[in-house]
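Q: I'm passing along final-v6.pdb; it holds PDB, C-alpha atoms.
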```pdb
ATOM      1  CA  MET A   1      29.395 233.862  65.480
ATOM      2  CA  MET A   2      26.035 235.496  66.176
ATOM      3  CA  PHE A   3      27.806 238.694  67.180
ATOM      4  CA  ALA A   4      29.808 238.641  63.946
ATOM      5  CA  ALA A   5      26.546 238.544  61.967
ATOM      6  CA  ALA A   6      25.154 241.472  63.959
ATOM      7  CA  ALA A   7      28.407 243.407  63.517
ATOM      8  CA  LEU A   8      28.288 242.836  59.759
ATOM      9  CA  ALA A   9      24.701 244.141  59.564
ATOM     10  CA  LEU A  10      25.681 247.149  61.665
ATOM     11  CA  LEU A  11      28.621 247.904  59.369
ATOM     12  CA  VAL A  12      26.304 247.877  56.337
ATOM     13  CA  ALA A  13      23.844 250.161  58.148
ATOM     14  CA  LEU A  14      26.675 252.494  59.176
ATOM     15  CA  GLY A  15      27.823 252.735  55.568
ATOM     16  CA  LEU A  16      24.323 253.606  54.353
ATOM     17  CA  ALA A  17      23.846 256.217  57.088
ATOM     18  CA  LEU A  18      27.227 257.711  56.203
ATOM     19  CA  LEU A  19      26.049 257.942  52.590
ATOM     20  CA  ARG A  20      23.072 260.034  53.706
ATOM     21  CA  ALA A  21      25.292 262.189  55.925
ATOM     22  CA  LEU A  22      27.504 262.946  52.917
ATOM     23  CA  ALA A  23      24.668 263.440  50.426
ATOM     24  CA  GLY A  24      21.936 265.051  52.567
ATOM     25  CA  PRO A  25      20.758 268.246  50.898
ATOM     26  CA  THR A  26      19.920 270.139  54.106
ATOM     27  CA  VAL A  27      21.870 270.396  57.344
ATOM     28  CA  PHE A  28      18.997 268.650  59.133
ATOM     29  CA  ASP A  29      19.419 265.559  56.946
ATOM     30  CA  ARG A  30      23.063 265.492  57.948
ATOM     31  CA  ALA A  31      22.221 265.954  61.632
ATOM     32  CA  LEU A  32      19.641 263.151  61.427
ATOM     33  CA  ALA A  33      22.165 260.854  59.783
ATOM     34  CA  ALA A  34      24.772 261.793  62.410
ATOM     35  CA  ASN A  35      22.257 260.940  65.128
ATOM     36  CA  SER A  36      21.589 257.544  63.536
ATOM     37  CA  ILE A  37      25.316 256.947  63.143
ATOM     38  CA  GLY A  38      25.670 257.666  66.854
ATOM     39  CA  THR A  39      23.061 255.045  67.770
ATOM     40  CA  LEU A  40      24.574 252.521  65.354
ATOM     41  CA  ALA A  41      28.062 253.204  66.733
ATOM     42  CA  MET A  42      26.781 252.559  70.260
ATOM     43  CA  MET A  43      25.390 249.215  69.127
ATOM     44  CA  MET A  44      28.607 248.486  67.245
ATOM     45  CA  LEU A  45      30.675 249.134  70.378
ATOM     46  CA  ALA A  46      28.450 246.867  72.470
ATOM     47  CA  VAL A  47      28.501 244.069  69.867
ATOM     48  CA  PHE A  48      32.257 244.448  69.438
ATOM     49  CA  GLY A  49      32.701 244.066  73.174
ATOM     50  CA  PHE A  50      30.834 240.760  73.081
ATOM     51  CA  LEU A  51      32.638 239.706  69.903
ATOM     52  CA  THR A  52      36.082 240.067  71.479
ATOM     53  CA  GLY A  53      34.993 238.917  74.935
ATOM     54  CA  ARG A  54      35.728 242.298  76.515
ATOM     55  CA  PRO A  55      32.460 243.750  77.870
ATOM     56  CA  GLU A  56      34.314 246.865  79.060
ATOM     57  CA  PHE A  57      33.405 248.321  75.678
ATOM     58  CA  LEU A  58      29.902 248.864  77.060
ATOM     59  CA  ASP A  59      31.225 251.769  79.131
ATOM     60  CA  LEU A  60      32.460 253.378  75.929
ATOM     61  CA  ALA A  61      29.030 252.842  74.390
ATOM     62  CA  ILE A  62      27.307 254.599  77.311
ATOM     63  CA  LEU A  63      29.732 257.523  77.099
ATOM     64  CA  TYR A  64      29.266 257.735  73.331
ATOM     65  CA  GLY A  65      25.499 257.860  73.743
ATOM     66  CA  LEU A  66      25.639 260.661  76.298
ATOM     67  CA  LEU A  67      27.993 262.709  74.136
ATOM     68  CA  ASN A  68      25.850 262.024  71.069
ATOM     69  CA  LEU A  69      22.736 263.500  72.695
ATOM     70  CA  VAL A  70      24.552 266.623  73.915
ATOM     71  CA  GLY A  71      26.231 267.072  70.537
ATOM     72  CA  THR A  72      22.964 266.765  68.612
ATOM     73  CA  ILE A  73      21.127 269.249  70.836
ATOM     74  CA  ALA A  74      24.017 271.745  70.723
ATOM     75  CA  LEU A  75      24.267 271.481  66.931
ATOM     76  CA  LEU A  76      20.519 271.987  66.520
ATOM     77  CA  LYS A  77      20.441 274.947  68.848
ATOM     78  CA  PHE A  78      23.284 276.506  66.890
ATOM     79  CA  PHE A  79      21.504 276.039  63.575
ATOM     80  CA  ARG A  80      18.171 277.163  64.986
ATOM     81  CA  VAL A  81      19.127 280.395  66.754
ATOM     82  CA  GLY A  82      22.714 280.836  65.569
ATOM     83  CA  ASP A  83      24.110 281.136  69.103
ATOM     84  CA  LEU A  84      24.809 278.508  71.748
ATOM     85  CA  GLY A  85      24.316 280.967  74.620
ATOM     86  CA  ASP A  86      20.889 282.199  73.471
ATOM     87  CA  PRO A  87      18.170 281.653  76.113
ATOM     88  CA  GLY A  88      15.706 280.569  73.407
ATOM     89  CA  GLU A  89      12.421 281.920  72.095
ATOM     90  CA  PRO A  90       9.796 283.199  74.550
ATOM     91  CA  GLU A  91       7.274 280.444  73.735
ATOM     92  CA  ALA A  92       9.952 277.782  74.185
ATOM     93  CA  ARG A  93      10.666 279.090  77.683
ATOM     94  CA  GLY A  94       7.025 278.580  78.676
TER      95      GLY A  94
ATOM     96  CA  MET B   1      18.119 225.478  78.059
ATOM     97  CA  SER B   2      21.375 227.043  76.927
ATOM     98  CA  ALA B   3      20.783 225.981  73.341
ATOM     99  CA  ALA B   4      17.298 227.483  73.417
ATOM    100  CA  LEU B   5      18.731 230.687  74.851
ATOM    101  CA  ASP B   6      21.367 230.748  72.112
ATOM    102  CA  ALA B   7      18.722 230.239  69.428
ATOM    103  CA  LEU B   8      16.583 233.041  70.839
ATOM    104  CA  SER B   9      19.661 235.272  71.030
ATOM    105  CA  TRP B  10      20.493 234.456  67.411
ATOM    106  CA  ALA B  11      16.982 235.379  66.314
ATOM    107  CA  LEU B  12      16.974 238.647  68.252
ATOM    108  CA  LEU B  13      20.422 239.696  67.015
ATOM    109  CA  VAL B  14      19.637 238.877  63.385
ATOM    110  CA  ALA B  15      16.287 240.673  63.602
ATOM    111  CA  GLY B  16      17.954 243.700  65.199
ATOM    112  CA  GLY B  17      20.625 243.801  62.515
ATOM    113  CA  ALA B  18      17.983 243.496  59.822
ATOM    114  CA  PHE B  19      15.983 246.377  61.299
ATOM    115  CA  CYS B  20      19.159 248.487  61.448
ATOM    116  CA  VAL B  21      19.879 247.804  57.776
ATOM    117  CA  VAL B  22      16.259 248.510  56.792
ATOM    118  CA  GLY B  23      16.288 251.777  58.732
ATOM    119  CA  ALA B  24      19.555 252.872  57.145
ATOM    120  CA  LEU B  25      18.191 251.909  53.719
ATOM    121  CA  GLY B  26      15.156 254.088  54.417
ATOM    122  CA  LEU B  27      17.465 256.899  55.464
ATOM    123  CA  VAL B  28      19.053 256.717  52.013
ATOM    124  CA  ARG B  29      15.998 255.948  49.883
ATOM    125  CA  LEU B  30      13.186 258.084  51.314
ATOM    126  CA  ARG B  31      12.648 261.511  49.811
ATOM    127  CA  GLY B  32      12.544 264.557  52.034
ATOM    128  CA  PHE B  33      13.698 265.230  55.562
ATOM    129  CA  PHE B  34      10.484 264.464  57.453
ATOM    130  CA  PRO B  35       9.948 260.990  55.949
ATOM    131  CA  ARG B  36      13.564 260.199  56.779
ATOM    132  CA  THR B  37      12.967 260.823  60.490
ATOM    133  CA  HIS B  38      10.708 257.730  60.439
ATOM    134  CA  ALA B  39      13.525 255.583  59.068
ATOM    135  CA  ALA B  40      15.884 256.925  61.738
ATOM    136  CA  SER B  41      13.423 256.013  64.479
ATOM    137  CA  VAL B  42      13.303 252.421  63.170
ATOM    138  CA  ILE B  43      17.037 252.191  63.892
ATOM    139  CA  ASP B  44      16.627 253.731  67.347
ATOM    140  CA  SER B  45      13.671 251.662  68.504
ATOM    141  CA  ALA B  46      13.461 248.273  66.785
ATOM    142  CA  GLY B  47      17.074 247.873  65.701
ATOM    143  CA  ALA B  48      18.792 248.943  68.917
ATOM    144  CA  GLY B  49      16.127 247.393  71.137
ATOM    145  CA  LEU B  50      16.305 243.938  69.551
ATOM    146  CA  LEU B  51      20.111 243.974  69.488
ATOM    147  CA  LEU B  52      20.235 244.924  73.172
ATOM    148  CA  ALA B  53      17.727 242.188  74.014
ATOM    149  CA  GLY B  54      19.833 239.639  72.143
ATOM    150  CA  MET B  55      22.990 240.692  74.000
ATOM    151  CA  LEU B  56      21.105 240.772  77.314
ATOM    152  CA  LEU B  57      20.262 237.067  76.911
ATOM    153  CA  GLN B  58      23.951 236.255  76.428
ATOM    154  CA  ALA B  59      25.082 238.363  79.380
ATOM    155  CA  GLY B  60      23.141 236.608  82.129
ATOM    156  CA  TRP B  61      22.600 238.235  85.548
ATOM    157  CA  THR B  62      25.830 240.249  85.689
ATOM    158  CA  LEU B  63      27.022 243.846  85.711
ATOM    159  CA  VAL B  64      27.178 243.600  81.923
ATOM    160  CA  ALA B  65      23.434 243.084  81.828
ATOM    161  CA  PHE B  66      22.925 246.186  83.958
ATOM    162  CA  LYS B  67      25.085 248.243  81.612
ATOM    163  CA  LEU B  68      23.112 246.972  78.625
ATOM    164  CA  ALA B  69      19.893 247.970  80.384
ATOM    165  CA  ALA B  70      21.390 251.401  81.081
ATOM    166  CA  ILE B  71      22.186 251.796  77.377
ATOM    167  CA  GLY B  72      18.608 250.778  76.584
ATOM    168  CA  VAL B  73      17.178 253.365  78.985
ATOM    169  CA  LEU B  74      19.515 256.021  77.558
ATOM    170  CA  ILE B  75      18.401 255.304  73.990
ATOM    171  CA  PHE B  76      14.755 255.099  75.093
ATOM    172  CA  PHE B  77      14.832 258.654  76.440
ATOM    173  CA  ALA B  78      17.524 260.334  74.342
ATOM    174  CA  SER B  79      16.540 259.234  70.852
ATOM    175  CA  PRO B  80      12.947 260.618  70.776
ATOM    176  CA  THR B  81      14.250 263.818  72.397
ATOM    177  CA  GLY B  82      16.871 264.215  69.714
ATOM    178  CA  THR B  83      14.479 263.443  66.879
ATOM    179  CA  HIS B  84      11.880 265.864  68.258
ATOM    180  CA  ALA B  85      14.464 268.640  68.586
ATOM    181  CA  LEU B  86      15.613 267.903  65.049
ATOM    182  CA  ALA B  87      12.122 268.023  63.518
ATOM    183  CA  ASN B  88      11.252 271.089  65.593
ATOM    184  CA  ALA B  89      14.374 272.927  64.444
ATOM    185  CA  ALA B  90      13.712 271.953  60.811
ATOM    186  CA  LEU B  91      10.130 273.219  61.057
ATOM    187  CA  ALA B  92      11.251 276.436  62.761
ATOM    188  CA  ARG B  93      13.757 277.054  59.993
ATOM    189  CA  GLY B  94      10.984 276.824  57.410
ATOM    190  CA  LEU B  95      11.474 273.353  55.937
ATOM    191  CA  LYS B  96       8.162 272.619  54.196
ATOM    192  CA  LEU B  97       6.247 269.425  54.934
ATOM    193  CA  GLU B  98       4.658 269.060  51.504
ATOM    194  CA  ASP B  99       7.626 269.893  49.312
ATOM    195  CA  HIS B 100       9.039 266.402  49.171
ATOM    196  CA  GLY B 101       7.909 263.424  47.120
ATOM    197  CA  GLU B 102       4.310 262.308  47.279
ATOM    198  CA  ALA B 103       3.100 263.582  50.640
ATOM    199  CA  PRO B 104      -0.359 262.063  51.216
ATOM    200  CA  SER B 105      -2.040 265.035  52.941
ATOM    201  CA  LYS B 106      -2.279 268.758  52.259
ATOM    202  CA  HIS B 107      -1.573 271.334  54.950
TER     203      HIS B 107
END
```
What's the structure tokens form of this structure?

A:
Amino acid sequence: MMFAAAALALLVALGLALLRALAGPTVFDRALAANSIGTLAMMMLAVFGFLTGRPEFLDLAILYGLLNLVGTIALLKFFRVGDLGDPGEPEARG
Amino acid sequence: MSAALDALSWALLVAGGAFCVVGALGLVRLRGFFPRTHAASVIDSAGAGLLLAGMLLQAGWTLVAFKLAAIGVLIFFASPTGTHALANAALARGLKLEDHGEAPSKH
């Protein structure tokens, strides 16, 4: 029952974040919303695992989190320098 | 003992869900990209942290608890990194700090 309440709150939050991802005027707003959706989806997977009594869903949540980080960084690098293979700016390299 | 643990778990899960909803509401309602990063970090820190703590109490000393802790560590390190990269990229692409809403300070 407690997990159902948490899942309901997470669904509402996911809907609101999706609204921002659809509406966001700049690409960074969309990327921020996608990042938040990733975190909320991780929590949703974990709560869903407890809700159905199958904690194996936690492995999916870990995998989703790792992919979310890599995806966000790759997307940002693409929109910052326009090329995924670029070594970056001189000051960023130290 | 179990009832007390359940009550504490209830409180943590409800608080975590509430913080998630508040953060998402801020993501929708706040004006401008840089204010919205604050709302996103509410989801990542308070929302996810409290939810994980609530689930950790229900898991007991098992492998499930370790996985939950691993998720917590992952979020702890990955989410500020992602938000910093995001804000850095937005700043590098020329998104102005003072363009949006009622920014309190002048730069």

Q: Out of A:Leu66, A:Val47, A:Ala74, A:Leu40, which residue has the shortest atom-to-atom distance to Ser45 (chain B) when counting all atoms listed in the file?

A: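 Checking each candidate against Ser45 (chain B), we get A:Leu40 as the closest.
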
Q: Using only the atoms of region 57-73 of chain A listed in the file, plus 5 Å on each side, state the axis-aligned box centre and edge lengths in Å rounded to one decimal, as lines of an AutoDock Vina configuration file.

A:
```
center_x = 27.3
center_y = 258.8
center_z = 73.9
size_x = 22.3
size_y = 30.9
size_z = 20.5
```

Q: For the ChimeraX specification (/A :<7) & /B, applied here, can you spell out every residue it catches as a compact mmCIF listing (two decimals) with C-alpha atoms, keeping the file's coordinate frame?

A:
```
# COMPACT_ATOMS: atom_id res chain seq x y z
CA TRP B 10 20.49 234.46 67.41
CA LEU B 13 20.42 239.70 67.02
CA VAL B 14 19.64 238.88 63.38
CA GLY B 17 20.62 243.80 62.52
CA ALA B 18 17.98 243.50 59.82
CA CYS B 20 19.16 248.49 61.45
CA VAL B 21 19.88 247.80 57.78
CA ALA B 24 19.56 252.87 57.14
CA LEU B 25 18.19 251.91 53.72
CA LEU B 27 17.46 256.90 55.46
CA VAL B 28 19.05 256.72 52.01
CA PHE B 33 13.70 265.23 55.56
CA ALA B 40 15.88 256.92 61.74
CA ASP B 44 16.63 253.73 67.35
CA ALA B 48 18.79 248.94 68.92
CA VAL B 64 27.18 243.60 81.92
CA LYS B 67 25.08 248.24 81.61
CA ILE B 71 22.19 251.80 77.38
CA ALA B 78 17.52 260.33 74.34
CA GLY B 82 16.87 264.21 69.71
CA LEU B 86 15.61 267.90 65.05
CA ALA B 89 14.37 272.93 64.44
CA ALA B 90 13.71 271.95 60.81
CA ARG B 93 13.76 277.05 59.99
```

Q: Find the residues around Leu5 (chain B) up to 10 Å (all atoms listed in the file counted), leave out those fewer than 5 positions away in its own chain, and share them as a ChimeraX atom specification.

A: /B:10-11,54,57-58

Q: Could you save the residues just selected, with C-alpha atoms, as a PDB file, in the frame of the given file?

A:
```pdb
ATOM      1  CA  TRP B  10      20.493 234.456  67.411  1.00  0.00           C
ATOM      2  CA  ALA B  11      16.982 235.379  66.314  1.00  0.00           C
ATOM      3  CA  GLY B  54      19.833 239.639  72.143  1.00  0.00           C
ATOM      4  CA  LEU B  57      20.262 237.067  76.911  1.00  0.00           C
ATOM      5  CA  GLN B  58      23.951 236.255  76.428  1.00  0.00           C
TER       6      GLN B  58
END
```

Q: Can you tell me how far CA of Ala41 (chain A) sits from CA of Tyr64 (chain A), in Å to one decimal?

A: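 It comes out at 8.1 Å.
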
Q: What is the distance, in Å and to one decimal place, between CA of Leu52 (chain B) and CA of Gly72 (chain B)?

A: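 Result for CA of Leu52 (chain B) versus CA of Gly72 (chain B): 7.0 Å, one decimal.
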
Q: Separation of CA of Phe57 (chain A) and CA of Ala85 (chain B), in Å?

A: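 Result for CA of Phe57 (chain A) versus CA of Ala85 (chain B): 28.7 Å, one decimal.
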
Q: Choose the residue, out of B:Ala69, B:Leu50, B:Phe76, B:Leu97, that has the smallest atom-to-atom separation from Leu8 (chain B); count all atoms listed in the file.

A: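 Nearest to Leu8 (chain B): B:Leu50.
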
Q: Using all atoms listed in the file, find the one residue out of B:Ser2, B:Thr37, B:Asn88, B:Thr62 that sits nearest to Ala34 (chain A).

A: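 Distance minimum relative to Ala34 (chain A) lands on B:Thr37.
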
Q: Can you tell me, as a PyMOL selection string, what residues are no more than 7 Å from Leu56 (chain B) when counting all atoms listed in the file, ignoring any on the same chain fewer than 4 positions away?

A: chain B and resi 52+60+65+68

Q: Taking N, CA and C atoms as the atom set, what does region 42-69 of chain A look like once completed, written as a compact mmCIF listing (two decimals), keeping the file's coordinate frame?

A:
```txt
# COMPACT_ATOMS: atom_id res chain seq x y z
N MET A 42 26.98 253.13 68.93
CA MET A 42 26.78 252.56 70.26
C MET A 42 26.56 251.06 70.19
N MET A 43 25.67 250.65 69.27
CA MET A 43 25.39 249.22 69.13
C MET A 43 26.63 248.46 68.67
N MET A 44 27.40 249.12 67.76
CA MET A 44 28.61 248.49 67.24
C MET A 44 29.61 248.27 68.37
N LEU A 45 29.75 249.27 69.25
CA LEU A 45 30.68 249.13 70.38
C LEU A 45 30.25 248.00 71.29
N ALA A 46 28.94 247.92 71.58
CA ALA A 46 28.45 246.87 72.47
C ALA A 46 28.68 245.49 71.84
N VAL A 47 28.33 245.36 70.55
CA VAL A 47 28.50 244.07 69.87
C VAL A 47 29.97 243.70 69.78
N PHE A 48 30.82 244.71 69.54
CA PHE A 48 32.26 244.45 69.44
C PHE A 48 32.82 243.97 70.78
N GLY A 49 32.28 244.53 71.86
CA GLY A 49 32.70 244.07 73.17
C GLY A 49 32.39 242.60 73.38
N PHE A 50 31.19 242.17 72.96
CA PHE A 50 30.83 240.76 73.08
C PHE A 50 31.65 239.90 72.12
N LEU A 51 31.92 240.47 70.94
CA LEU A 51 32.64 239.71 69.90
C LEU A 51 34.04 239.35 70.36
N THR A 52 34.72 240.30 71.04
CA THR A 52 36.08 240.07 71.48
C THR A 52 36.15 239.57 72.91
N GLY A 53 34.98 239.40 73.56
CA GLY A 53 34.99 238.92 74.94
C GLY A 53 35.46 239.96 75.93
N ARG A 54 35.34 241.24 75.58
CA ARG A 54 35.73 242.30 76.52
C ARG A 54 34.54 243.23 76.72
N PRO A 55 33.67 242.93 77.69
CA PRO A 55 32.46 243.75 77.87
C PRO A 55 32.74 245.15 78.40
N GLU A 56 34.02 245.49 78.63
CA GLU A 56 34.31 246.86 79.06
C GLU A 56 33.93 247.88 78.00
N PHE A 57 33.78 247.41 76.76
CA PHE A 57 33.40 248.32 75.68
C PHE A 57 32.03 248.94 75.91
N LEU A 58 31.23 248.31 76.78
CA LEU A 58 29.90 248.86 77.06
C LEU A 58 30.00 250.23 77.71
N ASP A 59 31.04 250.45 78.53
CA ASP A 59 31.22 251.77 79.13
C ASP A 59 31.45 252.82 78.05
N LEU A 60 32.25 252.45 77.05
CA LEU A 60 32.46 253.38 75.93
C LEU A 60 31.15 253.67 75.21
N ALA A 61 30.31 252.64 75.08
CA ALA A 61 29.03 252.84 74.39
C ALA A 61 28.15 253.81 75.16
N ILE A 62 28.11 253.68 76.50
CA ILE A 62 27.31 254.60 77.31
C ILE A 62 27.81 256.03 77.14
N LEU A 63 29.13 256.19 77.23
CA LEU A 63 29.73 257.52 77.10
C LEU A 63 29.42 258.11 75.72
N TYR A 64 29.53 257.27 74.70
CA TYR A 64 29.27 257.74 73.33
C TYR A 64 27.82 258.21 73.19
N GLY A 65 26.90 257.47 73.82
CA GLY A 65 25.50 257.86 73.74
C GLY A 65 25.23 259.18 74.42
N LEU A 66 25.84 259.39 75.59
CA LEU A 66 25.64 260.66 76.30
C LEU A 66 26.19 261.82 75.48
N LEU A 67 27.40 261.64 74.93
CA LEU A 67 27.99 262.71 74.14
C LEU A 67 27.19 262.97 72.87
N ASN A 68 26.62 261.89 72.30
CA ASN A 68 25.85 262.02 71.07
C ASN A 68 24.63 262.91 71.28
N LEU A 69 23.92 262.70 72.40
CA LEU A 69 22.74 263.50 72.69
C LEU A 69 23.12 264.97 72.86
```
